[in-house]
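Engineer: Pasting a structure here, questions to come.
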Amino acid sequence: MKKDASNRRNIVKNIAIIFLAVMLILTFFSNTILNYSLPEVAVQYPMYGTISSRIRGQGTVTANQTYQVYFDESRIIEEVYFRRGDIVKKGDILYILKDAPSDELNNAINTLTTMKINYQRKLMESTPDYTAILEEISQLNKQLIEAKQIKADLNSNRALLISIQTEIDLLNKSISELSTKKTNLETYLNSLEPDTSLSEDEFLVALRNASIDYENAKTALDTEKENLKELQRELVKMANPLLVAQANLDAKVLEKSNYIKENPSTDVPTSSEIMSKENELIAAENASPSDPAEISRLRNELNSMIAKYFEYIPIQERINQYDIEISVLTEELNNIQRQRNEISTNIEISQNRIDVLQFTFEDIEAVYLPLKARYEYEDIEIEIQEVSKTLLESQDELRILSEEKIEVEGKIMTESEADELIAVLEKSLYDKQQSYEKQKAEDVFDQQLKQIELQNMKREIEVQEALVERLSDKVENNTITAPVSGALLNMRYVAGEKTEAGGVAAEIEISEKGYTMSFSVTVEQARRISVGQQAEIQYYYGTTAPYAQVTGIQTDYNNPQSSRIIVLEVIGDNIYPGQTLYVALGETGRDFETVVPNSAVHEDNKGKFVYIVEAKNTPIGNRYIAKRVDIQVIASDDKNSAISGISAYANYVITTASKPLTDGMQVRLVEE
């Protein structure tokens with residue numbers, strides 16, 4: 001038990017020792033850990049120093065004026081006399097040109113030729129021609145006269161139209177018939193195969209014999225065909241009687257059948273049955289002994305049978321009459337059928353005859369037709385020519401009549417329509433006459449414009465001729481000279497190159513016009529500079545130093561909010577373009593007791609101030625606090641400012657900081 005209590009005390013003691021050790025380590029290193037999170041600042045003491053309010057700058061000298069040497073021709077450079085940077089005098093030769101016409105001269109000559117051609121074309125333009133419009137006026141006058149005549153002839157034109165239409169209908173019918181006839185003749189002519197194997201005498205004999213045979217064969221064939229048609233007509237005529245006879249027979253047979261059905265012979269005894277019954281009665285009467293009852297029965301049956309027999313006799317007679325009538329009708333039908341069969345047989349015989357005659361005819365025709373074709377061929381050709389001629393004449397006549405019909409139809413109208421047509425033509429004629437007068441007036445004006453244009457073209461030709469003459473004179477002058485003295489800023493061409501018409505051939509900086517330079521300053525510095533202020537040229541090692549004077553203060557468009565451009569005129573000897581000069585503007589330097597870098601000075605809405613560093617001793621080391629101190633800036637230059645409000649060497653002043661500072665903020669110093 002005591003051992004457990006002792007173990008717990010040891011554990012508590014060990015924990016306390018570890019805790020105290022950790023706290024001691026944290027306390028020892030807290031300053032180092034905190035420093036890494038604080039803003040790092042650079043400091044220095046305010047000290048005695050000199051503030052120079054002069055503004056310094058450097059710039060490149062440029063000439064106040066450059067002269068661009070233009071050349072208005074396209075010529076080949078043969079030789080170049082100067083290079084860039086050389087000093088030239090007025091009249092010095094810059095380039096030698098090849099002795100050849102320029103493109104401008106060639107173009108000017110071509111343009112002059114074109115202008116002269118256009119001038120000649122303008123001169124040759126025809127005077128106004130009113131033939132067409134006068135013809136239109138004449139036609140309108142003619143149409144107006146015709147319209148008035150149409151109104152006067154309305155009734156006669158209607159009658160004329162009917163007459164023309166009638167003639168057209170007749171011609172159309174005639175043309176149709178002629179066309180059909182021509183087609184048939186041509187078809188027949190094409191079908192002919194004339195026999196040309198016989199001589200003329202043989203042909204005539206063969207044609208006469210073949211013609212007789214052909215006519216005989218054709219007559220025989222036609223006769224038999226007519227006979228066949230007659231037999232066929234008779235056969236057709238037999239059809240109705242045959243049908244009637246068959247119908248009568250069928251009706252009579254049906255009538256007999258119906259009569260028998262209405263009067264059946266089922267219970268009617270035959271004569272043999274009556275004779276048998278009578279023999280039975282005689283036998284019964286002769287029997288010994290006789291049986292009266294049997295005799296009476298037999299007699300009654302016999303009487304009944306006789307009575308039925310005689311009752312059926314009229315019916316049987318009618319049936320017999322039906323049989324006779326049916327026999328007669330059957331005979332009539334058989335007679336008609338025999339006649340029909342005879343006609344059919346004759347038709348068959350006639351058909352066979354026709355077949356034989358047809359074969360004979362075709363054989364004869366095969367001989368006859370080529371002979372006939374030879375005889376008819378020339379006549380048919382002549383007939384076709386005559387029909388064709390008549391057809392063409394009819395078609396021409398139809399065309400003339402159709403045109404006449406169209407013309408007359410154009411004249412067929414009501415009286416109001418004729419009045420309207422006359423009014424339209426009168427208006428058209430009036431409008432055309434007005435257009436003619438207007439056109440004449442416009443043409444007079446156009447002729448005046450043409451004369452003015454010709455005068456202008458003539459003046460332009462004279463100007464172009466002068467240009468050609470001037471360019472021709474320039475061909476003799478093969479040099480480009482310097483029109484002014486100065487330094488060559490640029491020589492555009494080298495030997496062998498072709499000049500660009502109207503382009504710059506060289507640039508000359510005119511030294512007589514002076515030189516300028518410029519440099520950029522801040523807005524604050526620009527406020528201390530004025531136009532006319534002189535600047536000192538620094539670092540100049542010549543015999544006589546030039547001087548510069550401010551001629552302008554301009555906005556720096558690269559940084560318009562915080563910068564300005566100072567322009568100075570440079571005056572002196574041995575000045576040349578491209579030279580770099582250093583200048584100073586303003587007062588010389590003054591000494592001040594308290595001077596700090598410009599980066600240490602801050603400004604807000606309360607004014608200007610600096611941050612100083614105050615040190616505080618703590619058990620774990622020094623802590624540094626940034627404290628705001630309001631100041632006044634007495635003077636300043638590009639780097640430093642003279643201030644009041646703090647004493648020199650009294651406190652560290654913060655010049656730069658890694659983070660924005662506030663009053664009372666703890667900071668750490670830059671480790672050196």
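In the structure tokens, chains take letters A, B, ... by order of appearance, with residues numbered from 1 within each chain and ligands from 1 in the order shown.
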Near region 87-97 of chain A, counting only C-alpha atoms, which residues have an atom at most 8 Å away, once you skip same-chain residues fewer than 5 positions from it, shown as a list in words?

Structural biologist: Arg75, Ile76, Ile77, Glu78, Glu79, Val80, Tyr81, Phe82, Asn478, Thr479, Ile480, Thr481, Ala482, Pro483, Val484, Ser485, Gly486, Ala487 and Leu488 of chain A

Engineer: Name all residues at most 10 Å from region 44-58 of chain A (count only C-alpha atoms; drop same-chain ones fewer than 6 positions away) and give them as an NGL selection string.

Structural biologist: :A and (517-522 or 525-526 or 528-529 or 535-538 or 566 or 580-597 or 600 or 612-613 or 634-643 or 646-656)

Engineer: Identify all residues of region 349-545 of chain A in strand (DSSP E) (DSSP on the backbone) and supply them as a ChimeraX atom specification.

Structural biologist: /A:479-481,486-491,503-509,515-522,534-538

Engineer: Based on the selection just made, write N, CA, C and O atoms of those residues as a CSV table (one decimal), in the first residue's frame.

Structural biologist:
chain,number,residue,atom,x,y,z
A,479,THR,N,21.0,63.6,-111.5
A,479,THR,CA,21.5,63.7,-110.1
A,479,THR,C,20.4,64.1,-109.1
A,479,THR,O,19.4,64.7,-109.5
A,480,ILE,N,20.6,63.7,-107.9
A,480,ILE,CA,19.7,64.2,-106.8
A,480,ILE,C,20.7,64.9,-105.8
A,480,ILE,O,21.7,64.4,-105.3
A,481,THR,N,20.4,66.2,-105.6
A,481,THR,CA,21.3,67.1,-104.8
A,481,THR,C,20.7,67.4,-103.5
A,481,THR,O,19.5,67.3,-103.3
A,486,GLY,N,23.6,70.4,-93.7
A,486,GLY,CA,23.3,69.7,-92.5
A,486,GLY,C,23.9,68.3,-92.5
A,486,GLY,O,24.6,67.9,-93.4
A,487,ALA,N,23.5,67.6,-91.4
A,487,ALA,CA,24.0,66.2,-91.2
A,487,ALA,C,23.0,65.2,-91.8
A,487,ALA,O,21.7,65.4,-91.7
A,488,LEU,N,23.4,64.2,-92.6
A,488,LEU,CA,22.6,63.2,-93.2
A,488,LEU,C,22.0,62.3,-92.1
A,488,LEU,O,22.8,61.5,-91.5
A,489,LEU,N,20.7,62.4,-91.9
A,489,LEU,CA,20.1,61.5,-90.9
A,489,LEU,C,19.8,60.1,-91.5
A,489,LEU,O,19.8,59.1,-90.9
A,490,ASN,N,19.5,60.1,-92.8
A,490,ASN,CA,19.1,58.8,-93.5
A,490,ASN,C,19.4,58.9,-95.0
A,490,ASN,O,19.1,60.0,-95.6
A,491,MET,N,20.0,57.9,-95.5
A,491,MET,CA,20.2,57.7,-97.0
A,491,MET,C,19.4,56.5,-97.3
A,491,MET,O,19.8,55.4,-97.0
A,503,GLY,N,8.7,59.4,-103.0
A,503,GLY,CA,9.2,59.0,-101.8
A,503,GLY,C,10.4,59.8,-101.3
A,503,GLY,O,10.9,60.6,-102.0
A,504,VAL,N,10.7,59.6,-100.0
A,504,VAL,CA,11.9,60.3,-99.4
A,504,VAL,C,13.1,59.6,-99.9
A,504,VAL,O,13.3,58.4,-99.6
A,505,ALA,N,14.1,60.3,-100.4
A,505,ALA,CA,15.3,59.8,-100.9
A,505,ALA,C,16.4,59.9,-99.8
A,505,ALA,O,17.3,59.1,-99.6
A,506,ALA,N,16.3,61.0,-99.0
A,506,ALA,CA,17.3,61.3,-97.9
A,506,ALA,C,16.6,62.2,-96.9
A,506,ALA,O,15.7,62.9,-97.2
A,507,GLU,N,17.2,62.2,-95.6
A,507,GLU,CA,16.8,63.1,-94.6
A,507,GLU,C,18.0,63.9,-94.1
A,507,GLU,O,19.0,63.3,-93.8
A,508,ILE,N,17.9,65.2,-94.0
A,508,ILE,CA,19.0,66.1,-93.6
A,508,ILE,C,18.6,66.8,-92.3
A,508,ILE,O,17.5,67.5,-92.4
A,509,GLU,N,19.4,66.8,-91.3
A,509,GLU,CA,19.1,67.6,-90.1
A,509,GLU,C,19.8,69.0,-90.3
A,509,GLU,O,21.0,69.0,-90.5
A,515,TYR,N,19.2,72.8,-81.9
A,515,TYR,CA,19.0,71.4,-81.4
A,515,TYR,C,18.2,71.5,-80.1
A,515,TYR,O,18.1,72.5,-79.4
A,516,THR,N,17.5,70.4,-79.9
A,516,THR,CA,16.8,70.2,-78.6
A,516,THR,C,17.1,68.9,-78.0
A,516,THR,O,17.6,68.0,-78.7
A,517,MET,N,16.8,68.8,-76.7
A,517,MET,CA,16.8,67.5,-76.0
A,517,MET,C,15.7,67.5,-75.0
A,517,MET,O,15.1,68.5,-74.7
A,518,SER,N,15.4,66.3,-74.4
A,518,SER,CA,14.3,66.2,-73.4
A,518,SER,C,14.6,65.1,-72.5
A,518,SER,O,15.3,64.1,-72.8
A,519,PHE,N,13.9,65.1,-71.3
A,519,PHE,CA,14.0,64.1,-70.3
A,519,PHE,C,12.8,64.1,-69.4
A,519,PHE,O,12.1,65.1,-69.4
A,520,SER,N,12.6,63.1,-68.7
A,520,SER,CA,11.4,62.9,-67.9
A,520,SER,C,11.7,63.3,-66.4
A,520,SER,O,12.7,62.9,-65.9
A,521,VAL,N,10.7,64.0,-65.7
A,521,VAL,CA,10.8,64.3,-64.3
A,521,VAL,C,9.5,64.0,-63.6
A,521,VAL,O,8.5,63.8,-64.3
A,522,THR,N,9.5,64.0,-62.3
A,522,THR,CA,8.3,63.8,-61.6
A,522,THR,C,7.4,65.1,-61.6
A,522,THR,O,7.9,66.2,-62.0
A,534,GLN,N,17.3,78.3,-67.3
A,534,GLN,CA,18.6,77.8,-67.9
A,534,GLN,C,19.0,76.6,-67.1
A,534,GLN,O,18.8,76.5,-65.9
A,535,ALA,N,19.6,75.6,-67.9
A,535,ALA,CA,20.1,74.4,-67.3
A,535,ALA,C,21.6,74.4,-67.5
A,535,ALA,O,22.2,74.8,-68.5
A,536,GLU,N,22.3,73.7,-66.5
A,536,GLU,CA,23.8,73.6,-66.6
A,536,GLU,C,24.1,72.3,-67.3
A,536,GLU,O,23.6,71.2,-67.0
A,537,ILE,N,25.0,72.3,-68.3
A,537,ILE,CA,25.5,71.1,-69.0
A,537,ILE,C,26.6,70.5,-68.1
A,537,ILE,O,27.6,71.2,-67.8
A,538,GLN,N,26.4,69.3,-67.6
A,538,GLN,CA,27.4,68.7,-66.8
A,538,GLN,C,28.2,67.6,-67.6
A,538,GLN,O,27.7,67.1,-68.6

Engineer: For Lys142 (chain A), which of A:Ile422, A:Leu398, A:Ala108, A:Val667 is the closest residue, counting only C-alpha atoms?

Structural biologist: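 Going through A:Ile422, A:Leu398, A:Ala108, A:Val667 one by one, the smallest distance to Lys142 (chain A) is for A:Ile422.
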
Engineer: Using only C-alpha atoms, can you tell me which of A:Thr345, A:Gln139, A:Asn279, A:Thr183 comes closest to Leu425 (chain A)?

Structural biologist: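 Of the candidates, the smallest distance to Leu425 (chain A) is held by A:Gln139.
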